[in-house]
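Notes follow once the structure below has been shown.
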Amino acid sequence: MRDIIIGDIHGCYEELILLLKEVGYTKNDRIISVGDIVDRGPDSLKVYEFFKENPQHVVVMGNHENKHVNQVLSYSQEIVKLQFGDRYSEFLKWAKDLPCYFETDSAIIVHASLEPDVALEEQRKEVLIGSTSGEKYLTNKYGLEDWTNLYKTQKPILFGHRVVGDIVQKYGDNIYGIETGACFGGYLSAITLPDFKIFSIKSPKNYWKFEMEKWQVAVLRSKPWRKYEFEKIRREISKVKNSKQAEVSGFISGVENWFQSLEAIYTSIKEILEYKAFQILEKFESDSAIQAAKEYEYFIFLILAMKNRLTVKNLEDSLRTPEKVFRLARQLDLNAEDPF
């Protein structure tokens, strides 16, 4: 039985299948992925299904799988979440149990790096998977010296994560970097064990560039705009405000107009609250009025209005998301445009 160690697939399913043909894959072989099987490429779901349906193969946890599991979603993860649809939760359940390293008779396979002078079973997860915190940890401990220059082992190590160029990079006598940038228009590479033969398949284009443009509007539409705090909405708008894609600029322009219209709602809410406070004060004595105000969920605002201390800033500081604004507007029977 051979082991086929494959670099970062990143959703490049067609390249995976072509590479396996090039290697001469048979059912007697075991495939071991160095991780990052999803994100950036066009067919993350197909790659996931391939490994999910063939449990004899192994996927090592990569930083991209870890981002999904921890729900720290950047743009590429947001795209995959949409691509997976109803199966996303299934993927998360599967991904959380992936190993952070895998050892065969011939080699050690990790996604990103190893800490020198630390036993394999004692390695930090964040170092093995190449998270930002793991990279900072290595830099703080070893400075600018690369771990491949410091890690001494008799057993070969195969890793991905770092795009090493168009061909597999060998560090010293027994460390191999096999991420050759398939999703960026580079190559998908593999090393077979125990013979250490190298195979590569060229990607026809920069998939990530194409996917970024293709999914931009869908990702924007899927964002929980109503739940975002206003400062985050401002940041999200500024990211794509100057987009050259007409559909993107049109959508974000609508978000910006909607966002600006929310400012006027604060003034309307303040006026209604002040009027309700006036009605309560007319009907009840001072102490009874306070008690009557407490029957309302928004009684804090009513009490401030009774004392002539309610300001738009009070409302802005308390109602920090559109969802909170619209909730209070509905309670006050105030019509407010809510496109999301």
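Ordering of the structure tokens sets the chain letters (A, B, ...), residue numbers begin anew at 1 in every chain, and ligands are numbered from 1 in the order given.
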
(message) Give me the residues near Asn308 in chain A as a list in words, where near means some atom within 10 Å (using only C-alpha atoms) and where sequence neighbours in that chain fewer than 6 positions away do not count.
(response)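 Using only C-alpha atoms, the neighbours found are Glu274, Ala277 and Leu302 of chain A.
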
Shell of 12 Å around Arg2 in chain A, only C-alpha atoms, local chain residues under 6 positions omitted, as an mmCIF file with N, CA, C and O atoms, in the first residue's frame:
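And here's out_5.cif as it stands now:
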```cif
data_model
loop_
_atom_site.group_PDB
_atom_site.id
_atom_site.type_symbol
_atom_site.label_atom_id
_atom_site.label_comp_id
_atom_site.auth_asym_id
_atom_site.auth_seq_id
_atom_site.Cartn_x
_atom_site.Cartn_y
_atom_site.Cartn_z
ATOM 1 N N VAL A 23 -0.879 10.005 -10.537
ATOM 2 C CA VAL A 23 -0.170 9.179 -9.550
ATOM 3 C C VAL A 23 -0.420 7.690 -9.786
ATOM 4 O O VAL A 23 0.379 6.844 -9.392
ATOM 5 N N GLY A 24 -1.530 7.375 -10.473
ATOM 6 C CA GLY A 24 -1.899 5.974 -10.659
ATOM 7 C C GLY A 24 -2.591 5.409 -9.435
ATOM 8 O O GLY A 24 -2.376 4.252 -9.047
ATOM 9 N N TYR A 25 -3.442 6.236 -8.838
ATOM 10 C CA TYR A 25 -4.140 5.863 -7.609
ATOM 11 C C TYR A 25 -4.996 4.611 -7.793
ATOM 12 O O TYR A 25 -5.690 4.452 -8.789
ATOM 13 N N THR A 26 -4.923 3.728 -6.803
ATOM 14 C CA THR A 26 -5.799 2.552 -6.753
ATOM 15 C C THR A 26 -6.448 2.504 -5.370
ATOM 16 O O THR A 26 -6.051 3.231 -4.453
ATOM 17 N N LYS A 27 -7.419 1.640 -5.215
ATOM 18 C CA LYS A 27 -8.124 1.534 -3.941
ATOM 19 C C LYS A 27 -7.238 0.995 -2.824
ATOM 20 O O LYS A 27 -7.607 1.041 -1.650
ATOM 21 N N ASN A 28 -6.081 0.472 -3.203
ATOM 22 C CA ASN A 28 -5.150 -0.002 -2.183
ATOM 23 C C ASN A 28 -4.308 1.126 -1.590
ATOM 24 O O ASN A 28 -3.597 0.929 -0.607
ATOM 25 N N ASP A 29 -4.379 2.317 -2.197
ATOM 26 C CA ASP A 29 -3.598 3.456 -1.728
ATOM 27 C C ASP A 29 -4.373 4.245 -0.675
ATOM 28 O O ASP A 29 -5.615 4.269 -0.674
ATOM 29 N N ARG A 30 -3.641 4.911 0.182
ATOM 30 C CA ARG A 30 -4.249 5.814 1.172
ATOM 31 C C ARG A 30 -3.850 7.254 0.845
ATOM 32 O O ARG A 30 -2.674 7.550 0.652
ATOM 33 N N ILE A 31 -4.841 8.119 0.775
ATOM 34 C CA ILE A 31 -4.587 9.529 0.512
ATOM 35 C C ILE A 31 -4.521 10.271 1.845
ATOM 36 O O ILE A 31 -5.386 10.102 2.699
ATOM 37 N N ILE A 32 -3.503 11.098 1.987
ATOM 38 C CA ILE A 32 -3.371 11.931 3.186
ATOM 39 C C ILE A 32 -3.239 13.379 2.744
ATOM 40 O O ILE A 32 -2.263 13.750 2.080
ATOM 41 N N HIS A 57 -9.199 7.481 3.931
ATOM 42 C CA HIS A 57 -8.237 8.542 3.680
ATOM 43 C C HIS A 57 -8.178 9.479 4.888
ATOM 44 O O HIS A 57 -9.036 9.437 5.772
ATOM 45 N N THR A 104 3.051 8.351 9.634
ATOM 46 C CA THR A 104 3.097 7.047 8.977
ATOM 47 C C THR A 104 4.451 6.403 9.285
ATOM 48 O O THR A 104 5.298 7.002 9.959
ATOM 49 N N ASP A 105 4.665 5.218 8.745
ATOM 50 C CA ASP A 105 5.975 4.574 8.935
ATOM 51 C C ASP A 105 7.083 5.376 8.260
ATOM 52 O O ASP A 105 8.240 5.319 8.686
ATOM 53 N N SER A 106 6.696 6.145 7.223
ATOM 54 C CA SER A 106 7.708 6.823 6.410
ATOM 55 C C SER A 106 7.911 8.289 6.742
ATOM 56 O O SER A 106 8.977 8.851 6.475
ATOM 57 N N ILE A 191 3.263 13.786 -3.009
ATOM 58 C CA ILE A 191 4.435 12.925 -2.840
ATOM 59 C C ILE A 191 3.938 11.552 -2.412
ATOM 60 O O ILE A 191 3.122 11.436 -1.490
ATOM 61 N N THR A 192 4.392 10.527 -3.079
ATOM 62 C CA THR A 192 4.014 9.172 -2.694
ATOM 63 C C THR A 192 5.041 8.618 -1.716
ATOM 64 O O THR A 192 6.233 8.926 -1.790
ATOM 65 N N LEU A 193 4.555 7.834 -0.795
ATOM 66 C CA LEU A 193 5.406 7.185 0.198
ATOM 67 C C LEU A 193 5.206 5.672 0.108
ATOM 68 O O LEU A 193 4.098 5.220 -0.174
ATOM 69 N N PRO A 194 6.251 4.897 0.285
ATOM 70 C CA PRO A 194 7.550 5.292 0.847
ATOM 71 C C PRO A 194 8.609 5.692 -0.170
ATOM 72 O O PRO A 194 9.766 5.912 0.194
ATOM 73 N N ASP A 195 8.245 5.820 -1.468
ATOM 74 C CA ASP A 195 9.285 6.051 -2.481
ATOM 75 C C ASP A 195 9.619 7.527 -2.681
ATOM 76 O O ASP A 195 10.565 7.872 -3.392
ATOM 77 N N PHE A 196 8.822 8.445 -2.118
ATOM 78 C CA PHE A 196 9.062 9.890 -2.202
ATOM 79 C C PHE A 196 9.125 10.397 -3.644
ATOM 80 O O PHE A 196 9.901 11.287 -3.978
ATOM 81 N N LYS A 197 8.271 9.866 -4.490
ATOM 82 C CA LYS A 197 8.149 10.384 -5.843
ATOM 83 C C LYS A 197 7.222 11.601 -5.844
ATOM 84 O O LYS A 197 6.238 11.644 -5.103
#
```

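Neighbouring residues of Tyr151 in chain A at 10 Å or closer, counting only C-alpha atoms and skipping chain neighbours under 4 positions away, are Ser113, Leu114, Glu115, Pro116, Asp117, Val118, Asp146, Trp147, Ile157 and Ile175 of chain A.
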
Would you write out, as a Markdown table, a table of all residues in range 29-104 of chain A that have an atom no more than 8 Å from an atom of range 123-140 of chain A, listing for each the closest atom pair and the distance in Å to one decimal, considering only C-alpha atoms and ordering rows by chain and rising residue number?
```
| residue | atom | partner | partner_atom | distance |
| --- | --- | --- | --- | --- |
| A:Met61 | CA | A:Ile129 | CA | 6.2 |
| A:Gly62 | CA | A:Ile129 | CA | 4.9 |
| A:Asn63 | CA | A:Ile129 | CA | 5.1 |
| A:Asn66 | CA | A:Ile129 | CA | 7.9 |
| A:Cys100 | CA | A:Leu128 | CA | 6.3 |
| A:Tyr101 | CA | A:Leu128 | CA | 7.1 |
```

Would you mind exporting the chosen residues as a compact mmCIF listing (two decimals), in the first residue's frame, restricted to N, CA, C and O atoms?
```
# COMPACT_ATOMS: atom_id res chain seq x y z
N MET A 61 -5.87 18.66 9.95
CA MET A 61 -6.49 19.97 10.18
C MET A 61 -5.60 21.09 9.65
O MET A 61 -4.42 21.19 10.00
N GLY A 62 -6.18 21.95 8.79
CA GLY A 62 -5.48 23.14 8.32
C GLY A 62 -6.06 24.38 8.98
O GLY A 62 -7.10 24.33 9.64
N ASN A 63 -5.41 25.50 8.79
CA ASN A 63 -5.93 26.73 9.40
C ASN A 63 -7.27 27.12 8.81
O ASN A 63 -8.10 27.74 9.50
N ASN A 66 -9.87 25.08 10.54
CA ASN A 66 -9.97 25.59 11.91
C ASN A 66 -10.77 26.88 11.98
O ASN A 66 -11.53 27.11 12.93
N CYS A 100 -4.50 17.01 14.10
CA CYS A 100 -3.59 18.13 13.83
C CYS A 100 -2.26 17.66 13.22
O CYS A 100 -1.47 18.50 12.77
N TYR A 101 -2.00 16.38 13.24
CA TYR A 101 -0.85 15.81 12.55
C TYR A 101 -1.15 14.34 12.29
O TYR A 101 -2.08 13.76 12.87
```

(message) Could you list, as a ChimeraX atom specification, every residue within 8 Å of Arg162 in chain A, counting only C-alpha atoms and ignoring same-chain residues fewer than 6 positions away?
(response) /A:112,177,179

(message) For a quick check of understanding, using only C-alpha atoms, which of A:Met306, A:Phe230, A:Phe199, A:Phe278 has the smallest distance to Ile290 in chain A?
(response)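 Among the listed residues, the smallest separation from Ile290 in chain A belongs to A:Met306.
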
(request) Quote the spacing between CA of Tyr171 in chain A and CA of Ile109 in chain A in Å to one decimal place. (result) 14.7 Å

(request) Identify which of the residues A:Leu262, A:Leu304, A:Tyr176, A:Tyr296 lies closest to Phe326 in chain A, counting only C-alpha atoms when measuring atom-to-atom distances. (result) A:Leu262

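Take the candidates A:Asp36, A:Glu271, A:Glu53, A:Glu282 and check each one against Ala329 in chain A using only C-alpha atoms; the shortest distance goes to A:Glu271.
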
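Comparing the minimum interatomic distances between Val80 in chain A and each of A:Phe284, A:Phe159, A:Tyr48, A:Phe210, counting only C-alpha atoms, we find that A:Tyr48 sits nearest.
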
(request) Extract, using only C-alpha atoms, all DNA, RNA and protein residues at most 12 Å from Lys241 in chain A, discarding same-chain residues fewer than 6 positions from it, and format them as an MDAnalysis selection string. (result) chainID A and resid 220 233:235 247:256

Expected file contents, prior selection, all heavy atoms, as a CSV table (one decimal), in the first residue's frame:
```
chain,number,residue,atom,x,y,z
A,220,LEU,N,-22.3,39.6,0.3
A,220,LEU,CA,-22.8,40.8,0.8
A,220,LEU,C,-24.2,40.7,1.3
A,220,LEU,O,-24.7,41.1,2.3
A,220,LEU,CB,-22.6,42.0,-0.2
A,220,LEU,CG,-21.2,42.5,-0.4
A,220,LEU,CD1,-21.2,43.5,-1.6
A,220,LEU,CD2,-20.7,43.2,0.8
A,233,ILE,N,-21.0,48.2,10.4
A,233,ILE,CA,-21.6,48.5,9.2
A,233,ILE,C,-20.8,49.5,8.4
A,233,ILE,O,-20.6,49.3,7.2
A,233,ILE,CB,-23.1,49.0,9.4
A,233,ILE,CG1,-24.0,47.9,10.0
A,233,ILE,CG2,-23.7,49.5,8.1
A,233,ILE,CD1,-25.4,48.3,10.3
A,234,ARG,N,-20.3,50.5,9.1
A,234,ARG,CA,-19.5,51.5,8.4
A,234,ARG,C,-18.2,50.9,7.8
A,234,ARG,O,-17.9,51.2,6.7
A,234,ARG,CB,-19.1,52.6,9.4
A,234,ARG,CG,-20.2,53.5,9.9
A,234,ARG,CD,-19.7,54.7,10.7
A,234,ARG,NE,-20.8,55.4,11.2
A,234,ARG,CZ,-21.3,55.2,12.4
A,234,ARG,NH1,-20.8,54.3,13.3
A,234,ARG,NH2,-22.3,56.0,12.9
A,235,ARG,N,-17.6,49.9,8.5
A,235,ARG,CA,-16.4,49.3,8.0
A,235,ARG,C,-16.7,48.4,6.8
A,235,ARG,O,-16.0,48.4,5.9
A,235,ARG,CB,-15.8,48.4,9.1
A,235,ARG,CG,-15.2,49.2,10.3
A,235,ARG,CD,-14.2,48.4,11.1
A,235,ARG,NE,-14.8,47.2,11.7
A,235,ARG,CZ,-15.4,47.2,12.8
A,235,ARG,NH1,-15.4,48.2,13.6
A,235,ARG,NH2,-15.9,46.0,13.3
A,247,GLU,N,-23.0,45.6,-10.0
A,247,GLU,CA,-23.9,45.0,-9.1
A,247,GLU,C,-23.5,45.2,-7.6
A,247,GLU,O,-24.3,45.4,-6.7
A,247,GLU,CB,-24.0,43.5,-9.4
A,247,GLU,CG,-25.2,42.8,-8.7
A,247,GLU,CD,-25.4,41.4,-9.1
A,247,GLU,OE1,-24.6,40.9,-9.9
A,247,GLU,OE2,-26.3,40.7,-8.6
A,248,VAL,N,-22.2,45.1,-7.4
A,248,VAL,CA,-21.7,45.3,-6.0
A,248,VAL,C,-21.9,46.7,-5.5
A,248,VAL,O,-22.4,47.0,-4.4
A,248,VAL,CB,-20.2,44.9,-5.9
A,248,VAL,CG1,-19.6,45.3,-4.5
A,248,VAL,CG2,-20.0,43.4,-6.1
A,249,SER,N,-21.5,47.7,-6.4
A,249,SER,CA,-21.6,49.1,-6.0
A,249,SER,C,-23.1,49.5,-5.8
A,249,SER,O,-23.5,50.3,-5.0
A,249,SER,CB,-21.0,50.0,-7.0
A,249,SER,OG,-21.6,49.8,-8.3
A,250,GLY,N,-24.0,48.9,-6.6
A,250,GLY,CA,-25.4,49.1,-6.5
A,250,GLY,C,-26.0,48.6,-5.2
A,250,GLY,O,-26.8,49.3,-4.5
A,251,PHE,N,-25.6,47.4,-4.9
A,251,PHE,CA,-26.1,46.8,-3.6
A,251,PHE,C,-25.6,47.6,-2.4
A,251,PHE,O,-26.3,48.0,-1.5
A,251,PHE,CB,-25.6,45.4,-3.5
A,251,PHE,CG,-26.0,44.8,-2.2
A,251,PHE,CD1,-27.3,44.3,-2.0
A,251,PHE,CD2,-25.1,44.7,-1.1
A,251,PHE,CE1,-27.7,43.7,-0.7
A,251,PHE,CE2,-25.5,44.1,0.1
A,251,PHE,CZ,-26.7,43.6,0.3
A,252,ILE,N,-24.3,47.9,-2.4
A,252,ILE,CA,-23.7,48.6,-1.2
A,252,ILE,C,-24.2,50.0,-1.1
A,252,ILE,O,-24.3,50.6,0.0
A,252,ILE,CB,-22.2,48.5,-1.2
A,252,ILE,CG1,-21.6,48.5,0.2
A,252,ILE,CG2,-21.6,49.7,-2.0
A,252,ILE,CD1,-22.0,47.3,1.0
A,253,SER,N,-24.5,50.6,-2.3
A,253,SER,CA,-25.1,52.0,-2.2
A,253,SER,C,-26.5,51.9,-1.5
A,253,SER,O,-26.8,52.8,-0.8
A,253,SER,CB,-25.3,52.5,-3.7
A,253,SER,OG,-25.9,53.8,-3.7
A,254,GLY,N,-27.2,50.9,-1.8
A,254,GLY,CA,-28.5,50.7,-1.1
A,254,GLY,C,-28.4,50.5,0.4
A,254,GLY,O,-29.1,51.1,1.2
A,255,VAL,N,-27.3,49.7,0.8
A,255,VAL,CA,-27.1,49.6,2.2
A,255,VAL,C,-26.7,50.9,2.8
A,255,VAL,O,-27.2,51.2,3.9
A,255,VAL,CB,-25.9,48.6,2.4
A,255,VAL,CG1,-25.5,48.5,3.9
A,255,VAL,CG2,-26.3,47.2,1.9
A,256,GLU,N,-25.9,51.7,2.1
A,256,GLU,CA,-25.5,53.0,2.6
A,256,GLU,C,-26.6,53.9,2.8
A,256,GLU,O,-26.8,54.6,3.8
A,256,GLU,CB,-24.4,53.6,1.7
A,256,GLU,CG,-23.7,54.8,2.3
A,256,GLU,CD,-22.5,55.2,1.4
A,256,GLU,OE1,-22.5,54.9,0.2
A,256,GLU,OE2,-21.6,55.9,2.0
```

(message) Please extract the residues of range 100-289 of chain A with a backbone DSSP assignment of alpha helix (DSSP H) and present them as number ranges by chain.
(response) A: 125-129, 132-142, 147-150, 207-214, 216-222, 230-240, 246-283, 286-289

(message) Please determine, counting only C-alpha atoms, which residue among A:Glu236, A:Glu229, A:Asn335, A:Lys313 has the shortest atom-to-atom distance to Ser268 in chain A.
(response)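 The shortest atom-to-atom distance to Ser268 in chain A comes from A:Asn335.
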
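Look at Leu334 in chain A: the protein and nucleic acid residues within 10 Å of it, using only C-alpha atoms and passing over chain neighbours fewer than 3 places away, are Ile265, Ser268, Ile269, Ile272, Phe326, Arg327, Leu328, Ala329, Arg330, Gln331 and Glu337 of chain A.
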
How would the residues just chosen look if you wrote them out with C-alpha atoms as a PDB file, in the first residue's frame?
```
ATOM      1  CA  ILE A 265     -35.448  57.184  12.956  1.00  0.00           C
ATOM      2  CA  SER A 268     -38.775  60.080  15.360  1.00  0.00           C
ATOM      3  CA  ILE A 269     -38.382  57.568  18.210  1.00  0.00           C
ATOM      4  CA  ILE A 272     -42.823  59.493  20.186  1.00  0.00           C
ATOM      5  CA  PHE A 326     -36.426  48.371  14.451  1.00  0.00           C
ATOM      6  CA  ARG A 327     -37.586  46.464  17.526  1.00  0.00           C
ATOM      7  CA  LEU A 328     -38.280  49.666  19.414  1.00  0.00           C
ATOM      8  CA  ALA A 329     -39.798  51.296  16.333  1.00  0.00           C
ATOM      9  CA  ARG A 330     -42.286  48.414  16.059  1.00  0.00           C
ATOM     10  CA  GLN A 331     -43.158  48.703  19.745  1.00  0.00           C
ATOM     11  CA  GLU A 337     -37.948  50.680   6.197  1.00  0.00           C
TER      12      GLU A 337
END
```
